[in-house]
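S.K.: Pasting model-v9.csv below, which is CSV, C-alpha atoms (C1' of nucleotides) and all ligand atoms.
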chain,number,residue,atom,x,y,z
A,1,MET,CA,-78.5,123.0,171.1
A,2,LYS,CA,-75.6,120.7,171.3
A,3,MET,CA,-74.3,122.2,174.6
A,4,THR,CA,-70.6,122.1,173.9
A,5,GLY,CA,-68.2,122.8,176.7
A,6,GLY,CA,-67.3,126.2,175.3
A,7,VAL,CA,-70.6,127.6,176.5
A,8,GLU,CA,-69.4,127.6,180.1
A,9,TRP,CA,-66.2,129.5,179.1
A,10,GLY,CA,-68.2,132.0,177.0
A,11,LEU,CA,-70.6,132.7,179.8
A,12,HIS,CA,-67.9,133.2,182.4
A,13,CYS,CA,-66.0,135.5,180.0
A,14,CYS,CA,-69.1,137.6,179.4
A,15,VAL,CA,-69.6,137.9,183.2
A,16,VAL,CA,-66.0,139.0,183.6
A,17,LEU,CA,-66.3,141.5,180.7
A,18,SER,CA,-69.4,143.0,182.2
A,19,SER,CA,-67.2,144.6,184.8
A,20,ALA,CA,-64.4,145.8,182.5
A,21,THR,CA,-63.9,149.3,181.3
A,22,GLU,CA,-60.9,148.7,179.1
A,23,PRO,CA,-60.6,145.9,176.4
A,24,VAL,CA,-59.4,142.6,177.8
A,25,ALA,CA,-57.2,140.4,175.7
A,26,ALA,CA,-58.2,136.8,174.9
A,27,ALA,CA,-55.0,135.5,176.3
A,28,LYS,CA,-55.8,137.2,179.6
A,29,LEU,CA,-59.3,135.7,179.8
A,30,ALA,CA,-57.8,132.3,179.1
A,31,GLU,CA,-55.2,132.6,181.8
A,32,LEU,CA,-57.8,133.9,184.3
A,33,HIS,CA,-59.9,130.8,183.7
A,34,ASP,CA,-56.9,128.5,183.1
A,35,VAL,CA,-58.2,127.1,179.8
A,36,SER,CA,-56.7,126.7,176.4
A,37,ALA,CA,-55.9,130.1,175.0
A,38,THR,CA,-56.2,129.2,171.4
A,39,TYR,CA,-59.5,127.4,171.8
A,40,LEU,CA,-61.0,130.1,173.9
A,41,ALA,CA,-60.0,132.5,171.2
A,42,LYS,CA,-62.3,130.6,168.8
A,43,GLN,CA,-65.2,130.9,171.1
A,44,LEU,CA,-64.6,134.6,171.5
A,45,GLN,CA,-64.6,135.0,167.8
A,46,LEU,CA,-68.0,133.3,167.7
A,47,LEU,CA,-69.3,135.9,170.3
A,48,SER,CA,-67.8,138.6,168.1
A,49,ARG,CA,-69.5,137.4,165.0
A,50,ALA,CA,-72.8,137.3,166.9
A,51,GLY,CA,-72.3,140.9,167.8
A,52,LEU,CA,-72.2,140.3,171.5
A,53,VAL,CA,-68.7,141.5,172.0
A,54,ARG,CA,-66.6,144.1,170.2
A,55,SER,CA,-63.0,143.3,169.4
A,56,ALA,CA,-60.1,145.8,169.2
A,57,PRO,CA,-56.9,144.7,167.5
A,58,GLY,CA,-53.5,146.2,168.2
A,59,GLN,CA,-51.6,146.9,171.3
A,60,SER,CA,-53.9,147.2,174.4
A,61,GLY,CA,-56.6,145.7,172.3
A,62,GLY,CA,-59.0,142.9,173.3
A,63,TYR,CA,-62.7,142.3,173.9
A,64,LEU,CA,-65.5,144.4,175.3
A,65,LEU,CA,-69.2,144.0,175.5
A,66,THR,CA,-71.2,145.8,172.8
A,67,ARG,CA,-74.2,146.5,175.1
A,68,PRO,CA,-74.9,146.7,178.8
A,69,ALA,CA,-74.7,143.3,180.4
A,70,THR,CA,-78.4,143.7,181.4
A,71,GLU,CA,-79.3,143.6,177.7
A,72,ILE,CA,-77.4,140.3,177.0
A,73,THR,CA,-79.3,137.2,177.8
A,74,VAL,CA,-77.8,133.8,178.6
A,75,LEU,CA,-79.6,132.5,175.5
A,76,ASP,CA,-77.7,135.0,173.4
A,77,VAL,CA,-74.4,133.6,174.4
A,78,VAL,CA,-75.5,130.0,174.2
A,79,GLU,CA,-76.9,130.4,170.7
A,80,ALA,CA,-73.8,132.4,169.6
A,81,ILE,CA,-71.5,129.5,170.6
A,82,ASP,CA,-73.6,126.4,170.1
A,83,GLY,CA,-75.7,127.6,167.2
A,84,PRO,CA,-79.4,128.1,167.0
A,85,GLN,CA,-80.4,124.6,165.9
A,86,PRO,CA,-82.7,122.8,168.3
A,87,ALA,CA,-81.3,119.7,170.1
A,88,PHE,CA,-83.9,117.3,168.6
A,89,ARG,CA,-83.7,116.8,164.8
A,90,CYS,CA,-86.7,115.2,163.3
A,91,THR,CA,-85.6,113.0,160.4
A,92,GLU,CA,-89.2,112.3,159.3
A,93,VAL,CA,-89.1,108.6,159.9
A,94,ARG,CA,-92.9,108.6,159.4
A,95,GLN,CA,-92.4,109.2,155.7
A,96,ARG,CA,-90.3,106.1,155.3
A,97,GLY,CA,-90.9,102.4,155.3
A,98,PRO,CA,-93.9,100.3,154.0
A,99,MET,CA,-96.4,102.2,156.1
A,100,ALA,CA,-95.1,105.6,155.2
A,101,VAL,CA,-97.7,108.4,155.6
A,102,PRO,CA,-97.9,110.2,152.2
A,103,PRO,CA,-96.0,113.5,152.0
A,104,ASP,CA,-99.2,115.4,151.2
A,105,ARG,CA,-100.5,114.4,154.6
A,106,CYS,CA,-97.4,115.7,156.2
A,107,ASP,CA,-98.3,119.4,156.1
A,108,THR,CA,-98.6,119.3,159.9
A,109,PRO,CA,-95.5,118.4,161.8
A,110,CYS,CA,-95.2,115.0,163.5
A,111,PRO,CA,-96.8,115.2,166.9
A,112,ILE,CA,-93.6,113.8,168.4
A,113,ALA,CA,-91.5,116.6,166.8
A,114,ALA,CA,-94.1,119.1,168.1
A,115,VAL,CA,-93.6,117.9,171.7
A,116,MET,CA,-89.8,118.2,171.4
A,117,ASP,CA,-90.1,121.6,169.9
A,118,THR,CA,-92.3,122.8,172.7
A,119,ALA,CA,-89.8,121.6,175.2
A,120,ASP,CA,-87.0,123.3,173.3
A,121,ARG,CA,-88.9,126.5,173.4
A,122,ALA,CA,-89.4,126.2,177.1
A,123,TRP,CA,-85.7,125.7,177.5
A,124,ARG,CA,-84.8,128.7,175.4
A,125,GLU,CA,-87.4,130.8,177.2
A,126,SER,CA,-85.9,129.9,180.5
A,127,LEU,CA,-82.4,131.0,179.3
A,128,ARG,CA,-83.8,134.2,177.7
A,129,ALA,CA,-85.2,135.3,181.1
A,130,VAL,CA,-81.8,135.7,182.6
A,131,THR,CA,-79.2,138.3,181.6
A,132,ILE,CA,-75.5,138.4,182.1
A,133,GLY,CA,-76.0,141.5,184.2
A,134,ALA,CA,-78.3,139.5,186.6
A,135,ILE,CA,-75.6,136.8,187.0
A,136,ALA,CA,-72.9,139.4,187.6
A,137,ALA,CA,-75.1,141.0,190.2
A,138,THR,CA,-75.5,137.6,191.9
A,139,VAL,CA,-71.7,136.9,192.0
A,140,ALA,CA,-71.2,140.5,193.3
A,141,ALA,CA,-73.6,139.9,196.1
A,142,THR,CA,-72.2,136.5,197.1
A,143,THR,CA,-68.5,137.1,197.0
A,144,PRO,CA,-66.5,139.2,199.4
A,145,GLY,CA,-65.6,142.7,198.0
A,146,GLU,CA,-62.0,142.1,198.6
A,147,LEU,CA,-61.9,139.2,196.1
A,148,LEU,CA,-63.7,141.3,193.5
A,149,ASP,CA,-61.2,144.1,193.9
A,150,ARG,CA,-58.3,141.8,193.5
A,151,ALA,CA,-59.8,140.4,190.3
A,152,ARG,CA,-60.3,143.8,188.9
A,153,VAL,CA,-56.7,144.7,189.6
A,154,TRP,CA,-55.4,141.5,188.1
A,155,LEU,CA,-57.4,142.1,184.9
A,156,SER,CA,-55.9,145.5,184.3
A,157,ALA,CA,-52.4,144.5,185.3
B,1,MET,CA,-79.5,115.5,177.5
B,2,LYS,CA,-77.4,114.8,174.5
B,3,MET,CA,-80.4,114.2,172.2
B,4,THR,CA,-79.2,111.3,170.1
B,5,GLY,CA,-81.0,110.3,167.0
B,6,GLY,CA,-82.2,107.1,168.6
B,7,VAL,CA,-84.7,109.1,170.6
B,8,GLU,CA,-86.9,109.7,167.5
B,9,TRP,CA,-86.9,106.0,166.8
B,10,GLY,CA,-87.7,105.0,170.4
B,11,LEU,CA,-90.5,107.4,170.6
B,12,HIS,CA,-92.1,106.3,167.3
B,13,CYS,CA,-91.7,102.6,168.4
B,14,CYS,CA,-93.5,103.3,171.7
B,15,VAL,CA,-96.4,105.0,169.8
B,16,VAL,CA,-96.6,102.0,167.5
B,17,LEU,CA,-96.5,99.5,170.5
B,18,SER,CA,-99.2,101.4,172.3
B,19,SER,CA,-101.7,100.0,169.8
B,20,ALA,CA,-100.4,96.5,169.7
B,21,THR,CA,-101.9,93.5,171.5
B,22,GLU,CA,-99.3,90.9,170.5
B,23,PRO,CA,-95.5,91.2,170.9
B,24,VAL,CA,-93.8,93.0,168.0
B,25,ALA,CA,-90.4,91.8,166.9
B,26,ALA,CA,-87.6,94.3,166.8
B,27,ALA,CA,-86.9,93.5,163.1
B,28,LYS,CA,-90.5,94.3,162.3
B,29,LEU,CA,-90.3,97.7,164.0
B,30,ALA,CA,-87.1,98.4,162.1
B,31,GLU,CA,-88.7,97.5,158.8
B,32,LEU,CA,-91.7,99.5,159.5
B,33,HIS,CA,-89.6,102.6,160.1
B,34,ASP,CA,-86.9,101.7,157.5
B,35,VAL,CA,-84.0,102.0,159.9
B,36,SER,CA,-81.1,99.8,160.8
B,37,ALA,CA,-82.4,96.7,162.5
B,38,THR,CA,-79.3,96.0,164.6
B,39,TYR,CA,-79.0,99.5,165.9
B,40,LEU,CA,-82.7,99.8,166.7
B,41,ALA,CA,-82.4,96.6,168.6
B,42,LYS,CA,-79.9,98.4,170.9
B,43,GLN,CA,-82.3,101.2,171.6
B,44,LEU,CA,-85.1,98.8,172.4
B,45,GLN,CA,-82.8,97.0,174.8
B,46,LEU,CA,-82.3,100.4,176.6
B,47,LEU,CA,-86.1,100.8,176.8
B,48,SER,CA,-86.3,97.2,178.2
B,49,ARG,CA,-83.6,97.9,180.8
B,50,ALA,CA,-85.5,101.1,181.8
B,51,GLY,CA,-88.6,98.9,182.4
B,52,LEU,CA,-90.7,100.7,179.7
B,53,VAL,CA,-91.1,97.7,177.5
B,54,ARG,CA,-91.3,94.0,178.2
B,55,SER,CA,-89.5,91.6,175.9
B,56,ALA,CA,-90.5,88.0,175.0
B,57,PRO,CA,-87.9,85.7,173.4
B,58,GLY,CA,-88.7,82.8,171.2
B,59,GLN,CA,-91.0,82.4,168.2
B,60,SER,CA,-93.8,85.0,168.1
B,61,GLY,CA,-91.8,86.9,170.7
B,62,GLY,CA,-91.0,90.6,170.6
B,63,TYR,CA,-91.7,93.8,172.5
B,64,LEU,CA,-94.8,95.1,174.4
B,65,LEU,CA,-95.3,98.1,176.7
B,66,THR,CA,-95.2,97.2,180.4
B,67,ARG,CA,-97.8,99.9,181.3
B,68,PRO,CA,-100.7,101.7,179.7
B,69,ALA,CA,-99.3,104.3,177.1
B,70,THR,CA,-101.0,107.0,179.1
B,71,GLU,CA,-98.6,106.2,182.0
B,72,ILE,CA,-95.5,106.6,180.0
B,73,THR,CA,-94.2,110.1,179.5
B,74,VAL,CA,-92.0,111.3,176.7
B,75,LEU,CA,-89.4,112.1,179.3
B,76,ASP,CA,-89.3,108.5,180.3
B,77,VAL,CA,-88.4,107.4,176.8
B,78,VAL,CA,-85.9,110.2,176.3
B,79,GLU,CA,-84.1,109.5,179.6
B,80,ALA,CA,-84.1,105.8,178.9
B,81,ILE,CA,-82.3,106.3,175.6
B,82,ASP,CA,-80.2,109.4,176.2
B,83,GLY,CA,-79.5,109.0,179.9
B,84,PRO,CA,-80.5,111.2,182.7
B,85,GLN,CA,-77.5,113.5,182.6
B,86,PRO,CA,-78.2,117.2,182.0
B,87,ALA,CA,-77.0,118.8,178.7
B,88,PHE,CA,-74.8,121.3,180.5
B,89,ARG,CA,-71.9,120.1,182.4
B,90,CYS,CA,-70.3,122.6,184.8
B,91,THR,CA,-66.6,121.9,185.0
B,92,GLU,CA,-66.1,124.4,187.8
B,93,VAL,CA,-63.9,126.8,185.9
B,94,ARG,CA,-64.4,129.3,188.7
B,95,GLN,CA,-62.1,127.1,190.9
B,96,ARG,CA,-59.2,127.3,188.5
B,97,GLY,CA,-56.7,130.0,187.5
B,98,PRO,CA,-55.0,132.8,189.4
B,99,MET,CA,-58.3,134.3,190.6
B,100,ALA,CA,-59.9,131.0,191.6
B,101,VAL,CA,-62.6,131.3,194.2
B,102,PRO,CA,-61.6,129.1,197.2
B,103,PRO,CA,-63.4,125.7,197.4
B,104,ASP,CA,-64.8,126.5,200.8
B,105,ARG,CA,-66.8,129.3,199.2
B,106,CYS,CA,-68.1,127.0,196.6
B,107,ASP,CA,-70.8,125.4,198.7
B,108,THR,CA,-73.4,127.1,196.6
B,109,PRO,CA,-73.4,126.2,192.9
B,110,CYS,CA,-72.1,128.7,190.3
B,111,PRO,CA,-74.9,131.1,189.3
B,112,ILE,CA,-74.3,130.2,185.7
B,113,ALA,CA,-74.7,126.5,186.4
B,114,ALA,CA,-77.8,127.3,188.4
B,115,VAL,CA,-79.4,129.0,185.4
B,116,MET,CA,-78.6,126.1,183.1
B,117,ASP,CA,-80.0,123.7,185.6
B,118,THR,CA,-83.2,125.7,185.8
B,119,ALA,CA,-83.6,125.6,182.1
B,120,ASP,CA,-82.9,121.9,182.0
B,121,ARG,CA,-85.6,121.4,184.6
B,122,ALA,CA,-88.1,123.4,182.5
B,123,TRP,CA,-87.2,121.2,179.5
B,124,ARG,CA,-87.7,118.0,181.3
B,125,GLU,CA,-90.9,119.3,182.9
B,126,SER,CA,-92.3,120.0,179.5
B,127,LEU,CA,-91.5,116.5,178.3
B,128,ARG,CA,-92.9,114.9,181.4
B,129,ALA,CA,-96.3,116.6,180.7
B,130,VAL,CA,-96.9,114.6,177.6
B,131,THR,CA,-97.6,110.9,177.5
B,132,ILE,CA,-97.1,108.4,174.7
B,133,GLY,CA,-100.9,107.8,175.0
B,134,ALA,CA,-101.6,111.5,174.3
B,135,ILE,CA,-99.4,111.3,171.2
B,136,ALA,CA,-101.0,108.2,170.0
B,137,ALA,CA,-104.4,109.8,170.4
B,138,THR,CA,-103.3,112.8,168.3
B,139,VAL,CA,-102.1,110.6,165.4
B,140,ALA,CA,-105.3,108.5,165.7
B,141,ALA,CA,-107.3,111.7,165.4
B,142,THR,CA,-105.3,113.2,162.5
B,143,THR,CA,-104.8,110.2,160.2
B,144,PRO,CA,-107.6,108.5,158.2
B,145,GLY,CA,-108.9,105.3,159.8
B,146,GLU,CA,-108.1,103.3,156.7
B,147,LEU,CA,-104.4,104.0,157.1
B,148,LEU,CA,-104.5,103.0,160.8
B,149,ASP,CA,-106.2,99.7,159.9
B,150,ARG,CA,-103.7,98.9,157.2
B,151,ALA,CA,-100.9,99.5,159.7
B,152,ARG,CA,-102.4,97.2,162.3
B,153,VAL,CA,-102.8,94.5,159.7
B,154,TRP,CA,-99.3,94.9,158.5
B,155,LEU,CA,-98.0,94.6,162.0
B,156,SER,CA,-99.6,91.3,162.8
B,157,ALA,CA,-98.8,89.9,159.3
C,1,DT,C1',-41.7,151.2,162.7
C,2,DC,C1',-43.0,147.4,165.3
C,3,DA,C1',-44.7,144.5,168.8
C,4,DT,C1',-49.4,143.2,170.1
C,5,DT,C1',-53.7,141.6,169.1
C,6,DG,C1',-57.8,139.6,166.7
C,7,DC,C1',-59.2,136.8,162.4
C,8,DG,C1',-59.7,132.8,159.6
C,9,DG,C1',-58.3,128.4,157.7
C,10,DA,C1',-56.0,124.0,157.9
C,11,DT,C1',-55.0,120.3,160.7
C,12,DA,C1',-54.9,116.7,164.2
C,13,DA,C1',-56.2,114.2,168.6
C,14,DC,C1',-59.9,112.7,170.9
C,15,DT,C1',-64.6,111.4,172.1
C,16,DT,C1',-69.2,110.3,171.0
C,17,DT,C1',-72.5,108.6,168.1
C,18,DT,C1',-73.9,105.2,164.8
C,19,DG,C1',-73.9,100.8,163.1
C,20,DT,C1',-72.4,95.8,162.5
C,21,DC,C1',-71.5,91.1,163.9
C,22,DC,C1',-71.6,87.0,166.4
C,23,DG,C1',-72.3,83.8,170.3
C,24,DT,C1',-75.6,82.7,174.0
C,25,DG,C1',-79.8,81.5,176.0
C,26,DA,C1',-84.8,81.4,176.2
C,27,DT,C1',-89.3,80.3,174.1
C,28,DG,C1',-92.8,78.3,171.6
C,29,DA,C1',-94.2,75.7,167.3
C,30,DT,C1',-93.7,71.3,165.0
D,1,DA,C1',-87.3,66.4,171.5
D,2,DT,C1',-86.0,69.3,167.9
D,3,DC,C1',-85.7,73.4,165.6
D,4,DA,C1',-86.4,78.0,163.9
D,5,DT,C1',-87.1,82.4,166.0
D,6,DC,C1',-86.2,85.9,168.9
D,7,DA,C1',-83.9,89.0,172.7
D,8,DC,C1',-79.5,89.9,175.0
D,9,DG,C1',-74.9,91.4,175.5
D,10,DG,C1',-70.2,92.3,174.3
D,11,DA,C1',-66.7,93.3,171.0
D,12,DC,C1',-65.7,95.8,167.2
D,13,DA,C1',-65.5,99.3,163.3
D,14,DA,C1',-67.0,103.4,160.7
D,15,DA,C1',-68.6,108.1,160.9
D,16,DA,C1',-69.4,112.4,162.9
D,17,DG,C1',-68.6,115.9,166.2
D,18,DT,C1',-65.6,118.0,169.8
D,19,DT,C1',-61.6,120.0,171.5
D,20,DA,C1',-57.3,121.9,170.6
D,21,DT,C1',-53.1,123.6,168.1
D,22,DC,C1',-50.7,126.2,164.6
D,23,DC,C1',-49.8,129.5,161.1
D,24,DG,C1',-50.1,133.5,158.0
D,25,DC,C1',-52.6,137.8,157.6
D,26,DA,C1',-54.4,142.3,158.7
D,27,DA,C1',-55.3,146.0,161.8
D,28,DT,C1',-54.1,149.0,165.6
D,29,DG,C1',-51.7,151.9,168.8
D,30,DA,C1',-47.3,152.6,171.3
E,201,LIG,S1,-91.2,111.8,162.0
E,201,LIG,FE1,-89.7,112.9,163.2
E,201,LIG,S2,-90.5,112.9,165.1
E,201,LIG,FE2,-92.1,111.8,164.0
E,202,LIG,S1,-68.0,127.2,187.2
E,202,LIG,FE1,-69.2,125.9,185.9
E,202,LIG,S2,-70.8,127.3,185.2
E,202,LIG,FE2,-69.6,128.6,186.6
I need this file expressed as structure tokens, please.
M.R.:
Amino acid sequence: MKMTGGVEWGLHCCVVLSSATEPVAAAKLAELHDVSATYLAKQLQLLSRAGLVRSAPGQSGGYLLTRPATEITVLDVVEAIDGPQPAFRCTEVRQRGPMAVPPDRCDTPCPIAAVMDTADRAWRESLRAVTIGAIAATVAATTPGELLDRARVWLSA
Amino acid sequence: MKMTGGVEWGLHCCVVLSSATEPVAAAKLAELHDVSATYLAKQLQLLSRAGLVRSAPGQSGGYLLTRPATEITVLDVVEAIDGPQPAFRCTEVRQRGPMAVPPDRCDTPCPIAAVMDTADRAWRESLRAVTIGAIAATVAATTPGELLDRARVWLSA
DNA sequence: TCATTGCGGATAACTTTTGTCCGTGATGAT
DNA sequence: ATCATCACGGACAAAAGTTATCCGCAATGA
């Protein structure tokens, strides 16, 4: 987890896409969020490679979710964009220096690395528990219907 | 959380210091772990500013924990070195672009940011649950006493 | 046929991390 | 008192990672 800024964009795009029936072009998503179109395109390509969204080239092409939004977790999106590597990287300092513990005694992971790994798991578990659909439901419940309609119109315009 | 590499160093140093009665010089800690002495010095200064370790200048000076190792959590060390900022930074994209939600409706945080914040809390909670003392106990229980003795001798040499 | 769109690589600007260096001041050993 | 040892802090430089742009290519549907 390196938590790049693109995660916020990707998450918001997925929420938008969850209420779209026709493909939405990357440029449109970029304009909607007022962010760099070329850079957002890259993030969308990552989502595409991860199999979260489906892309359609050609006129009236664009992006669409591959599954129901309730089957896409926040963790899916985060890992698609930031990669699956944990935030903490153990460099095995214990195997270095004059008091290095011999490699044959390093079959078990360093206790410190174990703690960090447990925390990383808790973090991922927390993100896995929430789906894009749940987030979309929250925004639908907390924003006036008029705004939602305007947004839907703007998207297909 | 940006999870810099110095965290691993700082954590290992704290574990070492937990079984030290006399001050240990930064240069000694660096040699022990075979890492850059000048850079490790910087991390130790961060621990010092956070009040986790106490520094003594002059000959036979060095670092010592300010409290019992069982009262220092892993989170304390991580936040001292990496800072307290959460990994995910919400840039409020929802307030930008043609469909921006008006600021007066942004009294509640974006649901996406809320999810990330919950996950960050879970991560920190997990790190807060483990103390340096607990880690030291684990290494003491899993490494042969002879090695531990040699290390203690080397430290005070 | 052709404009539109996504894909991928190359590239550059920018920021953060990582690491070094040196002068200063404090402390204890001699 | 003197001196070597050590922490401190700032300035600085190298390396890595990020954010962002551009271009040629291939695919698609109007
Ligand atoms: S050796 Fe990497 S965390 Fe201990
Ligand atoms: S506006 Fe920042 S996460 Fe939604």
S.K.: Any residue with an atom at most 12 Å from ligand LIG 201 (chain E) counts, using only C-alpha atoms (C1' of nucleotides) and all ligand atoms. Which are they? Put them as a ChimeraX atom specification.
M.R.: /A:88-97,100-103,106-117 /B:5-16,33-34,74,135-136,139
S.K.: Could you work out which residues of chain D fall inside 7 Å of chain B? Count all atoms listed in the file, and format the result as a list of chain:residue names.
M.R.: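 Matching residues, ligands excluded from the count: D:DT5, D:DC6, D:DA7.
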S.K.: Take chain B, lay it over chain A with a least-squares fit on all the Cα atoms in order, then hand it over as a compact mmCIF listing (two decimals) with C-alpha atoms, in the coordinates of the input.
M.R.:
# COMPACT_ATOMS: atom_id res chain seq x y z
CA MET B 1 -78.72 122.89 171.19
CA LYS B 2 -75.75 120.64 171.34
CA MET B 3 -74.39 122.20 174.56
CA THR B 4 -70.67 122.24 173.89
CA GLY B 5 -68.23 122.87 176.62
CA GLY B 6 -67.32 126.24 175.18
CA VAL B 7 -70.61 127.61 176.44
CA GLU B 8 -69.38 127.58 180.08
CA TRP B 9 -66.30 129.49 179.05
CA GLY B 10 -68.22 132.06 176.97
CA LEU B 11 -70.62 132.69 179.70
CA HIS B 12 -67.93 133.17 182.39
CA CYS B 13 -66.00 135.51 179.97
CA CYS B 14 -69.11 137.66 179.43
CA VAL B 15 -69.61 137.95 183.25
CA VAL B 16 -65.98 138.95 183.62
CA LEU B 17 -66.25 141.54 180.70
CA SER B 18 -69.37 143.03 182.18
CA SER B 19 -67.20 144.63 184.87
CA ALA B 20 -64.40 145.74 182.65
CA THR B 21 -63.83 149.28 181.37
CA GLU B 22 -60.79 148.59 179.19
CA PRO B 23 -60.48 145.90 176.48
CA VAL B 24 -59.42 142.50 177.83
CA ALA B 25 -57.12 140.38 175.72
CA ALA B 26 -58.23 136.89 174.87
CA ALA B 27 -55.00 135.41 176.36
CA LYS B 28 -55.77 137.16 179.62
CA LEU B 29 -59.27 135.68 179.78
CA ALA B 30 -57.80 132.26 179.06
CA GLU B 31 -55.26 132.62 181.83
CA LEU B 32 -57.76 133.82 184.23
CA HIS B 33 -59.91 130.75 183.66
CA ASP B 34 -56.95 128.36 183.07
CA VAL B 35 -58.19 127.09 179.74
CA SER B 36 -56.66 126.70 176.34
CA ALA B 37 -55.91 130.12 174.95
CA THR B 38 -56.20 129.18 171.27
CA TYR B 39 -59.48 127.41 171.65
CA LEU B 40 -61.01 130.15 173.79
CA ALA B 41 -59.99 132.58 171.14
CA LYS B 42 -62.30 130.67 168.74
CA GLN B 43 -65.24 130.98 171.05
CA LEU B 44 -64.68 134.68 171.51
CA GLN B 45 -64.58 135.07 167.75
CA LEU B 46 -68.09 133.43 167.65
CA LEU B 47 -69.29 135.94 170.27
CA SER B 48 -67.76 138.76 168.11
CA ARG B 49 -69.46 137.47 164.95
CA ALA B 50 -72.78 137.32 166.90
CA GLY B 51 -72.29 141.03 167.76
CA LEU B 52 -72.15 140.38 171.56
CA VAL B 53 -68.63 141.57 172.00
CA ARG B 54 -66.55 144.17 170.23
CA SER B 55 -62.92 143.41 169.48
CA ALA B 56 -59.99 145.89 169.28
CA PRO B 57 -56.75 144.79 167.59
CA GLY B 58 -53.38 146.19 168.34
CA GLN B 59 -51.53 146.86 171.59
CA SER B 60 -53.87 147.26 174.59
CA GLY B 61 -56.56 145.76 172.38
CA GLY B 62 -58.92 142.97 173.37
CA TYR B 63 -62.61 142.32 173.94
CA LEU B 64 -65.46 144.49 175.39
CA LEU B 65 -69.24 143.97 175.51
CA THR B 66 -71.10 145.89 172.80
CA ARG B 67 -74.15 146.49 175.08
CA PRO B 68 -74.93 146.83 178.76
CA ALA B 69 -74.69 143.28 180.44
CA THR B 70 -78.30 143.68 181.44
CA GLU B 71 -79.22 143.60 177.70
CA ILE B 72 -77.49 140.40 176.99
CA THR B 73 -79.34 137.22 177.80
CA VAL B 74 -77.82 133.85 178.51
CA LEU B 75 -79.61 132.58 175.46
CA ASP B 76 -77.75 135.03 173.34
CA VAL B 77 -74.40 133.66 174.45
CA VAL B 78 -75.51 130.05 174.18
CA GLU B 79 -76.89 130.50 170.64
CA ALA B 80 -73.82 132.41 169.60
CA ILE B 81 -71.55 129.55 170.61
CA ASP B 82 -73.70 126.47 170.05
CA GLY B 83 -75.79 127.68 167.13
CA PRO B 84 -79.45 128.19 166.96
CA GLN B 85 -80.38 124.68 165.89
CA PRO B 86 -82.71 122.75 168.21
CA ALA B 87 -81.34 119.66 170.07
CA PHE B 88 -83.86 117.34 168.46
CA ARG B 89 -83.71 116.76 164.84
CA CYS B 90 -86.77 115.10 163.26
CA THR B 91 -85.65 112.99 160.35
CA GLU B 92 -89.21 112.27 159.27
CA VAL B 93 -89.14 108.55 159.90
CA ARG B 94 -92.91 108.53 159.51
CA GLN B 95 -92.38 109.08 155.72
CA ARG B 96 -90.29 105.98 155.31
CA GLY B 97 -90.99 102.23 155.30
CA PRO B 98 -93.89 100.13 154.08
CA MET B 99 -96.45 102.04 156.18
CA ALA B 100 -95.14 105.51 155.34
CA VAL B 101 -97.69 108.26 155.69
CA PRO B 102 -97.98 110.04 152.29
CA PRO B 103 -96.10 113.39 152.03
CA ASP B 104 -99.27 115.24 151.21
CA ARG B 105 -100.56 114.37 154.66
CA CYS B 106 -97.44 115.61 156.24
CA ASP B 107 -98.31 119.29 156.14
CA THR B 108 -98.61 119.29 159.88
CA PRO B 109 -95.46 118.36 161.80
CA CYS B 110 -95.17 114.94 163.52
CA PRO B 111 -96.76 115.10 166.99
CA ILE B 112 -93.55 113.79 168.44
CA ALA B 113 -91.51 116.53 166.81
CA ALA B 114 -94.08 119.03 168.00
CA VAL B 115 -93.56 117.97 171.62
CA MET B 116 -89.79 118.21 171.34
CA ASP B 117 -90.10 121.60 169.80
CA THR B 118 -92.31 122.75 172.64
CA ALA B 119 -89.80 121.63 175.16
CA ASP B 120 -86.99 123.28 173.27
CA ARG B 121 -88.97 126.50 173.30
CA ALA B 122 -89.46 126.25 177.09
CA TRP B 123 -85.69 125.73 177.46
CA ARG B 124 -84.77 128.69 175.41
CA GLU B 125 -87.43 130.80 177.12
CA SER B 126 -85.90 130.03 180.44
CA LEU B 127 -82.46 131.06 179.25
CA ARG B 128 -83.74 134.22 177.65
CA ALA B 129 -85.16 135.33 181.07
CA VAL B 130 -81.77 135.71 182.60
CA THR B 131 -79.25 138.35 181.66
CA ILE B 132 -75.48 138.37 182.06
CA GLY B 133 -76.05 141.51 184.22
CA ALA B 134 -78.32 139.55 186.59
CA ILE B 135 -75.61 136.89 186.93
CA ALA B 136 -72.95 139.37 187.53
CA ALA B 137 -75.05 140.98 190.23
CA THR B 138 -75.50 137.61 191.97
CA VAL B 139 -71.73 136.92 192.06
CA ALA B 140 -71.12 140.53 193.22
CA ALA B 141 -73.58 139.93 196.03
CA THR B 142 -72.25 136.49 197.06
CA THR B 143 -68.47 137.00 196.95
CA PRO B 144 -66.49 139.19 199.41
CA GLY B 145 -65.61 142.62 198.03
CA GLU B 146 -61.92 142.02 198.61
CA LEU B 147 -61.92 139.16 196.12
CA LEU B 148 -63.76 141.28 193.51
CA ASP B 149 -61.18 144.07 193.91
CA ARG B 150 -58.26 141.72 193.56
CA ALA B 151 -59.80 140.38 190.35
CA ARG B 152 -60.27 143.82 188.86
CA VAL B 153 -56.69 144.67 189.66
CA TRP B 154 -55.42 141.49 188.18
CA LEU B 155 -57.33 142.14 185.02
CA SER B 156 -55.89 145.53 184.30
CA ALA B 157 -52.35 144.41 185.36
S.K.: Within 9 Å of chain A, which residues of chain C are there when counting all atoms listed in the file? Please give them as a PyMOL selection string.
M.R.: chain C and resi 3-7
S.K.: Quick check, in Å to one decimal: how far apart do C1' of DT28 (chain D) and CA of Thr21 (chain A) lie?
M.R.: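 Taking C1' of DT28 (chain D) as the start and CA of Thr21 (chain A) as the end point, the length is 18.5 Å.
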